[in-house]
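Single-structure report; data block below.
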Amino acid sequence: MNAHNNLIDSIFEILRNIILRGGIGPVIPAIIFLFFFFAMPLVVLCAFGFVSIDRGVVDWTSISLDHLTSTIKDSLFWHIWWRSFWVGTVSTIFCLCLGYPVAYIYTLAGRGWQILILVATISPLLTSALVRTYAWMVILGGRRGVVNSILLDLDLIDRPIRFLYSDFSVILGMTQIHLPFMILPLITVLSARDLSLEQASLNLGASRLITFFKIIVPISLPGVIAGFALVFAISYTNFIVPQLLGGGNYTTLAVQVYEFIVVILDWNKGAILAFLLLTSCFSFVLGINYLGNWAMKWKEVTR
Amino acid sequence: MQLKINKINKKFGDLDVLVDCELKVMDGELVTLLGPSGCGKTTLLRCLAGFEIPDSGNVFLGNQEVTNVPCNKRNVGFVFQNYALFPHLTVAKNVDYGLAVRSVPSKKRKELVDKTLALVGLNYLDNRYPKQLSGGQQQRVALARALILEPKILLLDEAFNALDAKLRISMQIELRKLVKKVGITTICVTHDQIEALTISDRIAIMNQGRIDQIGTPSDIYERPNTEFVAEFLGTANIFIRKVNNGVVQLARGLELSTNYNGEVTIVVRPEDFYITSENCKEGWIGTVAFKRLLGPTIELEIAVDEVENLLRLSIPRREGENLNVGKQVNVSLTDKKNLVVIPHKVEL
């Protein structure tokens, strides 16, 4: 009984030290959690790409780079990779072009409009991305889709336009679904900006347009970089939108990972693709951040 | 360039921020708008820059009316309280900004930037970013950025606030010299009376949206128009007295004649008192309640029975060396002519 109490006391003592001492202590629970439920599975998944798996039995002794080299040599892989990259980049650029004006108008608007913009931005996140993707299928779908039926009724077209199952529909869907992740960091940065800079620019004779491009845009670069990296990462790795809005023949790297692991059950191939998808995604995000830091070297300087 | 402000009014909602403000500034003159926070001085300055448009009244620059000219078409220099330097541009690019948006040829721009940076003594810092500069250097960049466009007038909004006390004084002197060298008409806004006295040709004292008094620093100090002005600029001992048949009694044996009727406010500056230990026929008898040394002078507060407030005195250091707290002293006036008598207004 006594030993039991001592044990409990010492556990509390350790916890108390972790919480009260500050420093790295308070992060430890999160690190432990992430280690077991994020880092470990990721390592295991990636490891699957470098060993041979026979009917669900992993042979840990057969470490080789065979799966990796055969995948990289495959021109189909590069074809699919290019599509992932291209779709991700284009939809991210669209998100930026559409999101920036919204965030900018937010900072000029009165309190009521601001709340409205914020609600309109965030509320789509309350429904699942899957549901929103299906909604796009209803809107864009064949003869009886919303858009086509309206155009047909107005006699603007003779035959339904093939919106669905194309680059267009994938990029449209992705842009809409990922827009909030672009708008929110932009709002954060733009609404914290110093308004006297704009007045200074006007005072020095610049027009509002020049002020916007020479002052406001450069000042908001941290938000642009954050939004760009975030939206690129989730667009590049999104597999629901390409699968549903791109159709059966439309495939990206992320879709391939899903198919190989869940449908075809070729874990080796799936794991290698996942490994390549993740490492390339990381490199792109790091690259974007590097470019961002280079463009914002004025922010880092010290006396 | 000459500046004329004609009966400017401005409201924010129901609040009267500016009420019938009138001001005329000569070419090359340096005028300070001085007042407590919330008196409307910054709003008046922003009306001159075009950041605010007055509800009524006119602003003239030279012979031209600019009341409704947008702020980017006025060519009026403005130095912001926080300097508002563009953080992503180097010092040279900041100074160059106004020329660049006017598409001045790049060779001429380079020359002008070098010349203007030399004028404020910063040409060795042209490649730095604003974050790398000290407060004083940032202020000089802001000045250079405004002056390079040869603006019609220069406006400074609390431009010395961000500097520490010692640097502030030297920058104020430097600013005055610079502005006089360039010969530009300048309006400064401040709540700091020392700053106003240091830099101004004339001071306009503002109170609750109105300009109470305009004059040279010594004018305003020696002949304040209102009780507010007297108390705001420098220290003032205020006595409110009733006039009897054109005569008002300030203290025992001290009588003044005046043309005013009813109640008057008599302002006595701290340096117009003197102290004597001998018995005196006129003046006050009191005890020293507080004493502090301010370098060349000593500030004393004297408690007098029949006067509600403590008398505040300023005397040369050597004369006050043995006047310790608790000591009984006689206080009198050096010269009755120095007193200011103004009609007493009950503030609503």
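Convention: chains lettered A, B, ... in structure tokens order; per-chain residue numbering from 1; ligands numbered from 1 as shown.
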
What are the nearest atom pairs, with distances in Å to one decimal, for all residues of chain A that come at most 6 Å from chain B, using only C-alpha atoms, set out by chain and rising residue number as CSV?
```
residue,atom,partner,partner_atom,distance
A:Ser196,CA,B:Ala84,CA,5.8
A:Leu197,CA,B:Ala84,CA,5.1
A:Leu202,CA,B:Asn72,CA,4.6
A:Asn203,CA,B:Asn72,CA,5.0
A:Leu204,CA,B:Gly98,CA,4.9
A:Gly205,CA,B:Asn72,CA,4.3
A:Ala206,CA,B:Val101,CA,5.7
A:Trp298,CA,B:His88,CA,5.4
A:Thr302,CA,B:Gln132,CA,5.4
A:Arg303,CA,B:Gln132,CA,4.2
```

Store the residues picked out above, limited to N, CA and C atoms, as a PDB file, in the first residue's frame.
```pdb
ATOM      1  N   SER A 196      -0.277  53.700 -41.669  1.00  0.00           N
ATOM      2  CA  SER A 196       0.445  54.941 -41.968  1.00  0.00           C
ATOM      3  C   SER A 196       1.399  54.750 -43.140  1.00  0.00           C
ATOM      4  N   LEU A 197       1.792  53.496 -43.431  1.00  0.00           N
ATOM      5  CA  LEU A 197       2.657  53.274 -44.590  1.00  0.00           C
ATOM      6  C   LEU A 197       1.940  53.660 -45.875  1.00  0.00           C
ATOM      7  N   LEU A 202       0.882  57.592 -50.310  1.00  0.00           N
ATOM      8  CA  LEU A 202       0.008  58.562 -50.979  1.00  0.00           C
ATOM      9  C   LEU A 202       0.583  59.959 -50.844  1.00  0.00           C
ATOM     10  N   ASN A 203       1.052  60.273 -49.643  1.00  0.00           N
ATOM     11  CA  ASN A 203       1.615  61.591 -49.381  1.00  0.00           C
ATOM     12  C   ASN A 203       2.806  61.885 -50.290  1.00  0.00           C
ATOM     13  N   LEU A 204       3.547  60.805 -50.647  1.00  0.00           N
ATOM     14  CA  LEU A 204       4.706  61.004 -51.519  1.00  0.00           C
ATOM     15  C   LEU A 204       4.308  61.044 -52.987  1.00  0.00           C
ATOM     16  N   GLY A 205       2.997  61.030 -53.252  1.00  0.00           N
ATOM     17  CA  GLY A 205       2.529  61.246 -54.614  1.00  0.00           C
ATOM     18  C   GLY A 205       2.130  59.987 -55.362  1.00  0.00           C
ATOM     19  N   ALA A 206       2.197  58.825 -54.694  1.00  0.00           N
ATOM     20  CA  ALA A 206       1.837  57.588 -55.383  1.00  0.00           C
ATOM     21  C   ALA A 206       0.317  57.472 -55.486  1.00  0.00           C
ATOM     22  N   TRP A 298      14.631  41.910 -45.687  1.00  0.00           N
ATOM     23  CA  TRP A 298      14.484  43.119 -44.870  1.00  0.00           C
ATOM     24  C   TRP A 298      13.900  42.834 -43.507  1.00  0.00           C
ATOM     25  N   THR A 302      19.193  42.758 -38.630  1.00  0.00           N
ATOM     26  CA  THR A 302      19.291  43.367 -37.304  1.00  0.00           C
ATOM     27  C   THR A 302      20.343  44.458 -37.387  1.00  0.00           C
ATOM     28  N   ARG A 303      20.425  45.259 -36.368  1.00  0.00           N
ATOM     29  CA  ARG A 303      21.365  46.371 -36.378  1.00  0.00           C
ATOM     30  C   ARG A 303      22.799  45.898 -36.383  1.00  0.00           C
TER      31      ARG A 303
END
```

Next on the checklist: Which residues are close to Leu245 in chain A, i.e. within 9 Å by only C-alpha atoms, leaving aside same-chain residues fewer than 6 positions away? Reply as a PyMOL selection string.
Outcome noted: chain A and resi 133-134+136-137+164-167+169-170+173

Item to check | Those of range 158-270 of chain A in DSSP helix (DSSP H, G or I), formatted as a VMD selection string | outcome: chain A and resid 167 to 191 195 to 203 208 to 219 221 to 236 240 to 246 253 to 263 267 to 270

Checklist entry - If you count only C-alpha atoms, which residues fall within 8 Å of Leu34 in chain B, apart from same-chain ones fewer than 2 positions away, as a PyMOL selection string? => result chain B and resi 32+36+41+189-193+196+203-206

Once you have the residues from the selection above, write them out as a CSV table (one decimal), in the first residue's frame, restricted to all heavy atoms.
```csv
chain,number,residue,atom,x,y,z
B,32,THR,N,4.4,75.8,-34.5
B,32,THR,CA,4.1,74.6,-33.8
B,32,THR,C,2.7,74.6,-33.3
B,32,THR,O,2.2,75.7,-32.7
B,32,THR,CB,5.0,74.4,-32.6
B,32,THR,OG1,6.3,74.3,-33.0
B,32,THR,CG2,4.7,73.1,-31.8
B,36,PRO,N,-2.8,69.7,-25.5
B,36,PRO,CA,-2.9,68.4,-24.8
B,36,PRO,C,-3.5,67.4,-25.8
B,36,PRO,O,-4.0,67.7,-26.9
B,36,PRO,CB,-3.9,68.6,-23.7
B,36,PRO,CG,-4.7,69.8,-24.1
B,36,PRO,CD,-3.8,70.6,-25.0
B,41,LYS,N,-5.1,68.9,-32.6
B,41,LYS,CA,-3.9,69.4,-33.4
B,41,LYS,C,-3.5,68.4,-34.5
B,41,LYS,O,-3.2,68.9,-35.6
B,41,LYS,CB,-2.8,69.6,-32.4
B,41,LYS,CG,-2.3,68.4,-31.6
B,41,LYS,CD,-1.4,68.9,-30.4
B,41,LYS,CE,-0.7,67.7,-29.7
B,41,LYS,NZ,-1.6,66.8,-29.0
B,189,VAL,N,3.4,69.4,-34.9
B,189,VAL,CA,2.4,69.1,-33.9
B,189,VAL,C,3.1,68.5,-32.7
B,189,VAL,O,3.9,67.6,-32.9
B,189,VAL,CB,1.3,68.2,-34.5
B,189,VAL,CG1,0.7,67.4,-33.3
B,189,VAL,CG2,0.3,68.9,-35.2
B,190,THR,N,2.8,69.0,-31.5
B,190,THR,CA,3.4,68.4,-30.3
B,190,THR,C,2.6,68.7,-29.1
B,190,THR,O,1.8,69.6,-29.1
B,190,THR,CB,4.9,68.9,-30.1
B,190,THR,OG1,5.4,68.2,-29.0
B,190,THR,CG2,4.9,70.4,-29.8
B,191,HIS,N,2.8,67.8,-28.1
B,191,HIS,CA,2.2,68.2,-26.8
B,191,HIS,C,3.3,68.5,-25.8
B,191,HIS,O,3.0,68.7,-24.6
B,191,HIS,CB,1.4,66.9,-26.3
B,191,HIS,CG,2.2,65.8,-26.0
B,191,HIS,ND1,2.4,64.8,-26.9
B,191,HIS,CD2,3.0,65.4,-25.0
B,191,HIS,CE1,3.2,63.9,-26.5
B,191,HIS,NE2,3.6,64.2,-25.2
B,192,ASP,N,4.5,68.6,-26.3
B,192,ASP,CA,5.7,68.8,-25.4
B,192,ASP,C,6.1,70.3,-25.5
B,192,ASP,O,6.5,70.8,-26.5
B,192,ASP,CB,6.8,67.9,-25.9
B,192,ASP,CG,8.1,68.1,-25.2
B,192,ASP,OD1,8.1,69.0,-24.3
B,192,ASP,OD2,9.0,67.4,-25.5
B,193,GLN,N,5.9,71.1,-24.4
B,193,GLN,CA,6.1,72.5,-24.5
B,193,GLN,C,7.6,72.8,-24.7
B,193,GLN,O,7.9,73.8,-25.4
B,193,GLN,CB,5.6,73.2,-23.2
B,193,GLN,CG,5.9,72.4,-22.0
B,193,GLN,CD,5.7,73.3,-20.7
B,193,GLN,OE1,6.1,74.5,-20.7
B,193,GLN,NE2,5.0,72.7,-19.8
B,196,ALA,N,8.1,72.7,-28.3
B,196,ALA,CA,7.6,73.9,-29.0
B,196,ALA,C,8.4,75.1,-28.8
B,196,ALA,O,8.7,75.8,-29.7
B,196,ALA,CB,6.2,74.1,-28.4
B,203,ILE,N,4.1,79.8,-31.9
B,203,ILE,CA,3.4,78.7,-31.3
B,203,ILE,C,1.9,79.0,-31.4
B,203,ILE,O,1.5,80.1,-31.1
B,203,ILE,CB,3.8,78.4,-29.9
B,203,ILE,CG1,5.3,78.0,-29.8
B,203,ILE,CG2,3.0,77.3,-29.3
B,203,ILE,CD1,5.8,77.9,-28.4
B,204,ALA,N,1.1,78.0,-31.8
B,204,ALA,CA,-0.3,78.1,-31.7
B,204,ALA,C,-0.8,77.1,-30.7
B,204,ALA,O,-0.6,75.9,-30.8
B,204,ALA,CB,-1.0,77.8,-33.1
B,205,ILE,N,-1.4,77.6,-29.6
B,205,ILE,CA,-1.9,76.8,-28.5
B,205,ILE,C,-3.3,76.3,-28.8
B,205,ILE,O,-4.2,77.2,-29.1
B,205,ILE,CB,-1.8,77.5,-27.2
B,205,ILE,CG1,-0.4,78.0,-27.0
B,205,ILE,CG2,-2.3,76.5,-26.1
B,205,ILE,CD1,0.4,77.3,-25.9
B,206,MET,N,-3.5,75.0,-28.9
B,206,MET,CA,-4.9,74.5,-29.2
B,206,MET,C,-5.5,73.9,-27.9
B,206,MET,O,-4.8,73.3,-27.1
B,206,MET,CB,-4.8,73.5,-30.3
B,206,MET,CG,-4.5,74.1,-31.6
B,206,MET,SD,-4.7,72.9,-32.9
B,206,MET,CE,-6.5,72.7,-33.0
```

Checklist entry - Of the residues A:Ile171, A:Leu190, A:Ala129, A:Val58, which is the one nearest to Val102 in chain A, using only C-alpha atoms? => result A:Leu190

Item to check | d(CA of Asn293 in chain A, CA of Ala226 in chain A) in Å | outcome: 11.1 Å

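Distances to Arg46 in chain B were evaluated for B:Leu163, B:Leu293, B:Cys188, B:Leu30 using only C-alpha atoms, and the minimum falls at B:Cys188.
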
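The space separating CA of Glu300 in chain A from CA of Gln139 in chain B comes to 21.1 Å.
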